[in-house]
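Accompanying notes for the structure given below.
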Amino acid sequence: MANDLTSNAAGATPVVDGSLITYTHVIYALHGLSVLIGLTTAATVVGSFVCGIPSIVAVIMNYVRRDAVRGTFLESHFRWQIRTFWFALLWVVVIGAVTLPLFIVLVGVPLFFAGFVALEIWIIYRVVRGWLALRDRRPMYL
């Protein structure tokens with residue numbers, strides 16, 4: 001464990017173990033796979049991301065190694081990935097709760113689809129933006 005991170009003495013930024021960077025790339029790849037499955041199959045991006053095995057495995061991987069990245073720029077990426085998953089799930093519930101009662105007057109149908117399209121764009125944005133920042137070894141904003 002001592003080889004994973006150097007001490008943060010004198011304001012130096014911790015050096016991150018390369019295997020943790022690779023691990024984080026794998027997590028983004030799993031989220032990206034969920035997006036790709038949603039784009040190329042009958043599944044939706046939202047459905048594939050929230051209910052798909054790749055994203056669920058990715059979030060579990062985030063929680064498993066969260067302590068190993070504390071104090072490094074990877075901590076912000078883990079937080080970014082975890083929040084992306086849970087906020088996507090939250091927005092699915094909100095969109096459903098708001099639009100399903102409106103289905104009676106047919107206004108809910110276009111609102112439902114508009115909400116899911118907006119959520120799909122947001123998920124794709126979060127995965128791409130986070131992965132590009134990781135490639136450049138930049139932290140995500142908190």
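Letters for chains follow the order of the structure tokens (A, B, ...), residue numbers begin at 1 for each chain, and ligand numbers begin at 1 in the order shown.
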
Would you kindly return, as a compact mmCIF listing (two decimals) with C-alpha atoms, in the first residue's frame, each protein, DNA or RNA residue with an atom no farther than 8 Å from any atom of A:His77, considering only C-alpha atoms and excluding same-chain residues fewer than 5 positions away?
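Just written: out.txt:
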# COMPACT_ATOMS: atom_id res chain seq x y z
CA THR A 24 -10.31 3.56 -13.42
CA GLY A 130 -14.82 11.91 -17.24
CA LEU A 134 -8.76 10.70 -16.86
CA PRO A 139 -9.27 15.52 -11.65
CA MET A 140 -12.97 16.02 -12.12

Non-local contacts of A:Val50 (7 Å; only C-alpha atoms; under 6 positions in same chain excluded) as a list of chain:residue names
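Residues near the query, excluding close chain neighbours: A:Phe85, A:Ala88, A:Leu89.
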
Between A:Val15, A:Ala114, A:Ser48, A:Ala43, single out the one closest to A:Thr72, counting only C-alpha atoms.
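Smallest separation from A:Thr72 among the options: A:Val15.
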
Closest of A:Ser55, A:Ala133, A:Ser19, A:Val105 to A:Ser76 - atom-to-atom distances counting only C-alpha atoms:
A:Ala133

I want to know what sits within 12 Å of A:Ala97, based on only C-alpha atoms, with residues of the same chain fewer than 6 positions away left out; could you give that as an MDAnalysis selection string?
chainID A and resid 90:91 103 108 111:112 115

So that I can check the surroundings of A:Trp131, please list as a PyMOL selection string every protein, DNA and RNA residue that reaches within 10 Å of it, counting only C-alpha atoms and ignoring chain neighbours fewer than 6 positions away.
chain A and resi 24-25+27-29+31-32+77+81+125+137-138+140

Residues near A:Phe78, anyone? I mean within 8 Å using only C-alpha atoms, not counting same-chain ones fewer than 4 positions away, as a PyMOL selection string.
chain A and resi 24+62+66+74+82

Mind writing the picked residues with N, CA and C atoms as a PDB file, in the first residue's frame?
ATOM      1  N   THR A  24      -9.320   2.520 -13.160  1.00  0.00           N
ATOM      2  CA  THR A  24     -10.313   3.560 -13.417  1.00  0.00           C
ATOM      3  C   THR A  24     -10.695   3.599 -14.885  1.00  0.00           C
ATOM      4  N   ASN A  62     -16.111   0.686  -8.120  1.00  0.00           N
ATOM      5  CA  ASN A  62     -15.839   1.988  -7.505  1.00  0.00           C
ATOM      6  C   ASN A  62     -15.854   1.892  -5.986  1.00  0.00           C
ATOM      7  N   ARG A  66     -12.487   2.377  -3.438  1.00  0.00           N
ATOM      8  CA  ARG A  66     -12.605   3.784  -3.076  1.00  0.00           C
ATOM      9  C   ARG A  66     -11.534   4.232  -2.088  1.00  0.00           C
ATOM     10  N   LEU A  74      -7.718  10.549  -8.598  1.00  0.00           N
ATOM     11  CA  LEU A  74      -8.670   9.491  -8.957  1.00  0.00           C
ATOM     12  C   LEU A  74      -9.888   9.490  -8.051  1.00  0.00           C
ATOM     13  N   ILE A  82     -19.631   7.355  -9.502  1.00  0.00           N
ATOM     14  CA  ILE A  82     -20.677   6.920  -8.572  1.00  0.00           C
ATOM     15  C   ILE A  82     -21.877   7.857  -8.654  1.00  0.00           C
TER      16      ILE A  82
END

Extract, using only C-alpha atoms, all DNA, RNA and protein residues at most 12 Å from A:Gly47, discarding same-chain residues fewer than 3 positions from it, and format them as a list in words.
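Everything that qualifies: Ser34, Val35, Leu36, Ile37, Gly38, Leu39, Thr41, Ala42, Ala43, Thr44, Val50, Cys51, Gly52, Ile53, Pro54, Ser55, Ile56, Phe85, Ala88, Leu89, Trp91, Val92, Val93, Phe116, Val117, Leu119, Glu120 and Ile123 of chain A.
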
Would you mind reading off the distance between atom CA of A:Trp86 and atom CA of A:Gly71, one decimal, in Å?
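Here the two named atoms are 22.4 Å from each other.
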
From chain A, collect each residue whose DSSP state is helix (DSSP H, G or I) and return the set as a PyMOL selection string.
chain A and resi 9-11+18-40+45-51+53-64+67-69+73-99+101-105+108-135

For the residues in that selection, give me C-alpha atoms as a compact mmCIF listing (two decimals), in the first residue's frame.
# COMPACT_ATOMS: atom_id res chain seq x y z
CA ALA A 9 4.11 16.10 2.79
CA ALA A 10 5.06 19.66 1.94
CA GLY A 11 2.04 20.08 -0.36
CA GLY A 18 -0.48 3.04 -12.54
CA SER A 19 -2.66 0.04 -11.80
CA LEU A 20 -5.24 2.32 -10.17
CA ILE A 21 -5.31 4.48 -13.30
CA THR A 22 -5.83 1.36 -15.40
CA TYR A 23 -8.53 0.23 -12.97
CA THR A 24 -10.31 3.56 -13.42
CA HIS A 25 -10.05 3.25 -17.21
CA VAL A 26 -11.70 -0.18 -16.94
CA ILE A 27 -14.55 1.35 -14.95
CA TYR A 28 -15.08 4.04 -17.60
CA ALA A 29 -14.91 1.31 -20.26
CA LEU A 30 -17.68 -0.61 -18.50
CA HIS A 31 -19.85 2.51 -18.36
CA GLY A 32 -19.00 3.17 -22.01
CA LEU A 33 -20.00 -0.40 -22.86
CA SER A 34 -23.39 0.20 -21.25
CA VAL A 35 -23.82 3.34 -23.35
CA LEU A 36 -22.76 1.47 -26.50
CA ILE A 37 -25.20 -1.36 -25.75
CA GLY A 38 -27.95 1.21 -25.30
CA LEU A 39 -27.12 2.92 -28.59
CA THR A 40 -26.77 -0.21 -30.71
CA VAL A 45 -28.94 4.16 -23.02
CA VAL A 46 -30.71 4.91 -19.75
CA GLY A 47 -31.97 1.37 -19.30
CA SER A 48 -28.63 -0.14 -20.19
CA PHE A 49 -26.77 2.27 -17.91
CA VAL A 50 -28.99 1.97 -14.85
CA CYS A 51 -29.96 -1.71 -15.15
CA ILE A 53 -24.57 -5.48 -15.75
CA PRO A 54 -21.53 -3.50 -16.99
CA SER A 55 -22.53 -0.32 -15.14
CA ILE A 56 -23.60 -2.16 -12.01
CA VAL A 57 -20.25 -3.98 -11.96
CA ALA A 58 -18.47 -0.65 -12.53
CA VAL A 59 -20.18 0.99 -9.55
CA ILE A 60 -19.37 -2.00 -7.35
CA MET A 61 -15.74 -1.71 -8.49
CA ASN A 62 -15.84 1.99 -7.51
CA TYR A 63 -16.99 1.17 -4.00
CA VAL A 64 -14.49 -1.69 -3.60
CA ASP A 67 -10.23 3.78 -0.10
CA ALA A 68 -7.23 3.06 -2.33
CA VAL A 69 -7.70 6.31 -4.28
CA PHE A 73 -7.00 12.87 -8.36
CA LEU A 74 -8.67 9.49 -8.96
CA GLU A 75 -10.89 10.09 -5.94
CA SER A 76 -12.72 12.78 -7.93
CA HIS A 77 -13.20 10.34 -10.82
CA PHE A 78 -14.64 7.69 -8.51
CA ARG A 79 -17.01 10.27 -7.04
CA TRP A 80 -17.94 11.40 -10.59
CA GLN A 81 -18.70 7.83 -11.68
CA ILE A 82 -20.68 6.92 -8.57
CA ARG A 83 -22.73 10.11 -8.74
CA THR A 84 -23.40 9.62 -12.44
CA PHE A 85 -24.89 6.20 -11.75
CA TRP A 86 -26.99 7.18 -8.73
CA PHE A 87 -28.23 10.47 -10.18
CA ALA A 88 -29.21 8.67 -13.39
CA LEU A 89 -31.25 6.24 -11.30
CA LEU A 90 -32.78 9.13 -9.35
CA TRP A 91 -33.76 10.92 -12.58
CA VAL A 92 -35.38 7.75 -13.92
CA VAL A 93 -37.58 7.69 -10.82
CA VAL A 94 -38.36 11.44 -11.08
CA ILE A 95 -39.19 11.26 -14.79
CA GLY A 96 -41.44 8.28 -14.17
CA ALA A 97 -43.16 9.87 -11.18
CA VAL A 98 -43.86 13.09 -13.07
CA THR A 99 -44.86 11.69 -16.46
CA PRO A 101 -49.74 10.31 -14.07
CA LEU A 102 -49.79 12.62 -17.11
CA PHE A 103 -50.15 9.64 -19.47
CA ILE A 104 -53.90 9.88 -18.81
CA VAL A 105 -54.09 13.17 -20.67
CA GLY A 108 -46.98 12.46 -20.33
CA VAL A 109 -45.92 10.48 -23.41
CA PRO A 110 -43.85 13.22 -25.07
CA LEU A 111 -42.60 14.43 -21.68
CA PHE A 112 -41.49 10.89 -20.83
CA PHE A 113 -39.53 10.53 -24.06
CA ALA A 114 -38.08 14.04 -23.83
CA GLY A 115 -36.95 13.35 -20.28
CA PHE A 116 -35.27 10.11 -21.25
CA VAL A 117 -33.54 11.67 -24.27
CA ALA A 118 -32.19 14.46 -22.08
CA LEU A 119 -31.03 11.89 -19.52
CA GLU A 120 -29.34 9.82 -22.23
CA ILE A 121 -27.43 12.88 -23.46
CA TRP A 122 -26.41 13.69 -19.87
CA ILE A 123 -25.14 10.13 -19.25
CA ILE A 124 -23.11 10.11 -22.47
CA TYR A 125 -21.68 13.53 -21.60
CA ARG A 126 -20.64 12.38 -18.11
CA VAL A 127 -18.95 9.21 -19.34
CA VAL A 128 -17.09 10.96 -22.18
CA ARG A 129 -16.07 14.01 -20.15
CA GLY A 130 -14.82 11.91 -17.24
CA TRP A 131 -12.89 9.51 -19.45
CA LEU A 132 -11.22 12.35 -21.35
CA ALA A 133 -10.19 14.00 -18.08
CA LEU A 134 -8.76 10.70 -16.86
CA ARG A 135 -6.81 10.32 -20.11
